[in-house]
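Report on the following structure.
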Amino acid sequence: MKTSLNWLKRYTSIPWTAEQLADALTLAGLEVEDISHSGTVPDGIVVARIAGVESHPNADRLQLCRVDVGGDVEHQIICGASNCAAGKKVALATLGVTMPDGMVIRKCKIRGVESSGMLCSLRELGLGDEHDGIWILPEDATVGQQVNELVEADAVIDWEVTPNRPDWLSHFGIAREIAALTGESLEVPDAEIRDTCGPTDDSTVRVTVASPELCDRYTAREIRDVRIGPSPEWMQRCLQAVGLRPINNVVDITNFVLLECGQPLHAFDLDRIADAKLDIRRATSGEIFVALNGQSLELNSEHLVVADGASALALAGVIGGESSEITDCTVNVLLESAAFDASNIRKTSKELGVSTDSSYRFERGVDVQMVEYASRRAATLMCELAGGRLSGEAIDIVARPAVSNDITCRFSRVNAVLGVDISPADIVDIFSRLRLPVRESNDSFCSVCVPSFRLDLTREVDLIEEVARLYGLNRIPSASDSAARVNVLSEDTYLPVQDLRQQLIGLGLNECVNYSLIARRDVLLPVGCGEDVIQELSYPLSSDQDILRPGLINSMLDTVSGNLARGNSSIRLFEIGRIFRKGLVGCEPLEICVVVSGARNPERFSDEREALLDFYDLRGVIDDLMDLRRIRDYTARPHADSRFRSGVCAEISAGGEIIGTMGEISGQLSETIRAKHPVFIALLRVDRLLTATASTDTIAYKTASHFPAVTRDVAFSADEALMNQTVVDHVIGLDVAHLERIDLTDIYRDAKVLGDGRKSMVYTITYRASDRTLTDDEVNVQQEKIRHALIDSLPIQIR
């Protein structure tokens, strides 16, 4: 919102410079975006009279002007403006003057003819944007006078108005705020319709409001016999100062009142209104409206229009139409002032991509009481400045009258919230300066009647904020925060989970976060959830979010499906989130869901790129996680779970307590997400993982051996039930010298060779010494020790 400092001074006395005013209002809650100065014309630019004009001998578009600056000698100036004529008084930049843009005026030859100065336009003087011709000065300007004596310096302040304060979107609104701060009087703009406006006749236009839900109030006034012409110099300067281009007196008056009072107005050419009637109605679907800017808009039934008997004349609250705009031929005017529904105007403006000064104010809400006042103010100016006369009484249709709202403000509450001691009299005085009428006041409280222009005041705390603004936010002392002793860091429940999260990220997994609400239809039996554990919502927002998730697997499968649908088939994800089940009353445990699928090495080439992640890659992630957490007694044993494929599922335990499950998802779930490659998922209970006993052994580091390793294989047949972990634990427990590692390298099954329920297992055992190369005899002794121990302790047959 741009305001001119000179314009503001029409309504109240301002004891500050533009910068001081900006600082004062910023402390009162109205911030400033920019300050610019204008009207500072350099010395040496004087009033000159054009004594004569001749054509340039060497240029068709240039003229030789003889100008008089009050001395005995006339100056010859070459000018290309079309409006330079003999007898006109103009602004002449004399030799040696530095113009606002930095150009220095010097004597020069233009097409062979000497020129001794420059006739200036408003733009060249920094007084406006007009540059179609030179600036023609008033007839009463004194020849030879400095132009800066005729022009009043001005400052334009661009305010950053918050959406809840539409009352600041006008010069009068800003002036009201300034008067509240300074305590000066506030001059209300004249809106008295005097007898000099001319005789009145019966109104000829009929107005109906067919959509009262979108129009709180609508007023119309007929002004006849107007004479279209330029608006007065003072009004043009006001409009130009804030960036508006003067058009003609009628249009300029509507723009002036808009910026003065904050109430949008529109002027129709009365003689172009078909059937002499206006209807404020919803547009018909597909109705075409041609706006003032020439843009053709297709409307629908959600858009409000002002229409005559033939078509829409204006898009209500947004922009007028070509068919009834004010032209040089306009004689009779219908002046509109209304209060349209803010949300409807906002929606219309956004849908159609049309934003104007009017729509900007209607979107934020206008003062219903200002509607009629602004109409009177504009009508008064049209009678005074355009020679019009009022015809008939004003049409005023009120669909939704303004409702008075009283708010009780407790003085003790004001001081308690602000932390200061302000007397009741000072609080009441602040309300009075803000033009907030106080109906009742005593030692304890006062009752404030909220005026219609303050749409933001609805509660007691809003009034307290007003007191703080006027009292001075900078005067409110800062208070030190009182600190209370909290639990020690070791008792923090968030940090362990955060550490766990960072460990999973460090293992190359990407974290995802899903909604806790899912659809009941997605909780299928294969994911291990029956009706007895589902926690329903009493009032779900939609069928897609009607239950709380009983586990993370559903949400994770949706995430995997979304990645696969978008071509991302290499997946390494995890989520830590709460689960909700009926059996877990008062407890919402955290669960970890890890998923891996797709290419093991997508960045490689050739055959390595085709290798896919498998169960042992997921097992490796879990192994590394347990190792990071130093959980040594962790085991994984075969398990049966309907969510996972038979034979590719393991139950994870630590310290004798089950902490989770991992495996390849079942074929039914895989088909649901249309997976092209096997999908492996691990589900872990966070609470049990965090309470699992970590090893307290000191980590010992030793130098890597420089000597070669020696390997030996041992193969045997055993029952299908024999697990790899049993064999590994048994070998490690033998205290074999120089044993470095034991690896299961092959599993073979053949009922004809081995028998039913039997399998062949091959282990590679690696030996290495740190101080020498082992001999075959040394290794063979240890290998035989392992073979005999396996035969004696396990139900196997050495092959």
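Following the order of the structure tokens, first chain is A, next is B, and so on, with residues numbered from 1 inside each chain and ligands from 1 in the order they appear.
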Which residues in region 166-340 of chain A does DSSP call strand (DSSP E or B)? List them as a ChimeraX atom specification. /A:206-209,215-224,265-269,277-282,288-291,296-298,304-307,312-315,319-321,333-340
If you take only C-alpha atoms and a cut-off of 7 Å, which residues of region 299-389 of chain A touch region 216-222 of chain A, and what are their nearest atom pairs and distances in Å to one decimal, in chain and number order, as CSV?
residue,atom,partner,partner_atom,distance
A:Val333,CA,A:Glu222,CA,5.8
A:Leu334,CA,A:Glu222,CA,4.6
A:Leu335,CA,A:Arg221,CA,5.1
A:Glu336,CA,A:Ala220,CA,4.8
A:Ser337,CA,A:Thr219,CA,5.3
A:Ala338,CA,A:Tyr218,CA,4.3
A:Ala339,CA,A:Arg217,CA,5.1
A:Phe340,CA,A:Asp216,CA,6.0
A:Val368,CA,A:Arg217,CA,6.9
A:Glu372,CA,A:Thr219,CA,6.7
Can those selected residues be exported to a file as a PDB file, in the first residue's frame so that it contains N, CA, C and O atoms?
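Result file is again11.pdb:
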ATOM      1  N   VAL A 333     -23.639   9.414 -15.443  1.00  0.00           N
ATOM      2  CA  VAL A 333     -22.852   8.394 -14.736  1.00  0.00           C
ATOM      3  C   VAL A 333     -23.695   7.715 -13.670  1.00  0.00           C
ATOM      4  O   VAL A 333     -24.481   8.384 -12.973  1.00  0.00           O
ATOM      5  N   LEU A 334     -23.530   6.400 -13.565  1.00  0.00           N
ATOM      6  CA  LEU A 334     -24.087   5.654 -12.435  1.00  0.00           C
ATOM      7  C   LEU A 334     -22.912   5.224 -11.561  1.00  0.00           C
ATOM      8  O   LEU A 334     -22.029   4.495 -12.013  1.00  0.00           O
ATOM      9  N   LEU A 335     -22.911   5.692 -10.323  1.00  0.00           N
ATOM     10  CA  LEU A 335     -21.798   5.432  -9.402  1.00  0.00           C
ATOM     11  C   LEU A 335     -22.152   4.269  -8.483  1.00  0.00           C
ATOM     12  O   LEU A 335     -23.152   4.312  -7.766  1.00  0.00           O
ATOM     13  N   GLU A 336     -21.316   3.232  -8.513  1.00  0.00           N
ATOM     14  CA  GLU A 336     -21.524   2.033  -7.693  1.00  0.00           C
ATOM     15  C   GLU A 336     -20.574   2.032  -6.511  1.00  0.00           C
ATOM     16  O   GLU A 336     -19.386   2.315  -6.647  1.00  0.00           O
ATOM     17  N   SER A 337     -21.112   1.683  -5.343  1.00  0.00           N
ATOM     18  CA  SER A 337     -20.302   1.436  -4.155  1.00  0.00           C
ATOM     19  C   SER A 337     -20.946   0.257  -3.435  1.00  0.00           C
ATOM     20  O   SER A 337     -22.150   0.281  -3.166  1.00  0.00           O
ATOM     21  N   ALA A 338     -20.160  -0.783  -3.145  1.00  0.00           N
ATOM     22  CA  ALA A 338     -20.767  -2.011  -2.625  1.00  0.00           C
ATOM     23  C   ALA A 338     -19.816  -2.720  -1.677  1.00  0.00           C
ATOM     24  O   ALA A 338     -18.629  -2.395  -1.577  1.00  0.00           O
ATOM     25  N   ALA A 339     -20.357  -3.707  -0.978  1.00  0.00           N
ATOM     26  CA  ALA A 339     -19.577  -4.608  -0.125  1.00  0.00           C
ATOM     27  C   ALA A 339     -19.869  -6.031  -0.588  1.00  0.00           C
ATOM     28  O   ALA A 339     -20.954  -6.553  -0.328  1.00  0.00           O
ATOM     29  N   PHE A 340     -18.931  -6.616  -1.305  1.00  0.00           N
ATOM     30  CA  PHE A 340     -19.095  -7.967  -1.825  1.00  0.00           C
ATOM     31  C   PHE A 340     -18.412  -8.972  -0.904  1.00  0.00           C
ATOM     32  O   PHE A 340     -17.524  -8.621  -0.117  1.00  0.00           O
ATOM     33  N   VAL A 368     -18.548  -2.115   5.844  1.00  0.00           N
ATOM     34  CA  VAL A 368     -19.904  -1.960   5.313  1.00  0.00           C
ATOM     35  C   VAL A 368     -20.401  -0.531   5.492  1.00  0.00           C
ATOM     36  O   VAL A 368     -21.117   0.007   4.635  1.00  0.00           O
ATOM     37  N   GLU A 372     -21.586   3.615   1.901  1.00  0.00           N
ATOM     38  CA  GLU A 372     -22.426   4.763   1.581  1.00  0.00           C
ATOM     39  C   GLU A 372     -21.626   6.066   1.675  1.00  0.00           C
ATOM     40  O   GLU A 372     -21.816   6.977   0.862  1.00  0.00           O
TER      41      GLU A 372
END
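Using only C-alpha atoms for every distance, the candidate list A:Ala737, A:Gly655, A:Leu434, A:Ala91 yields A:Leu434 as the residue closest to Thr182 (chain A).
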List the neighbours of Met662 (chain A) out to 6 Å using only C-alpha atoms; skip same-chain residues closer than 3 positions along the sequence, and give me the result as a ChimeraX atom specification. /A:649-650,681-682
Interatomic distance (Å, one decimal) between CA of Asp614 (chain A) and CA of Arg741 (chain A):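 Atom-to-atom, CA of Asp614 (chain A) to CA of Arg741 (chain A), that is 22.5 Å.
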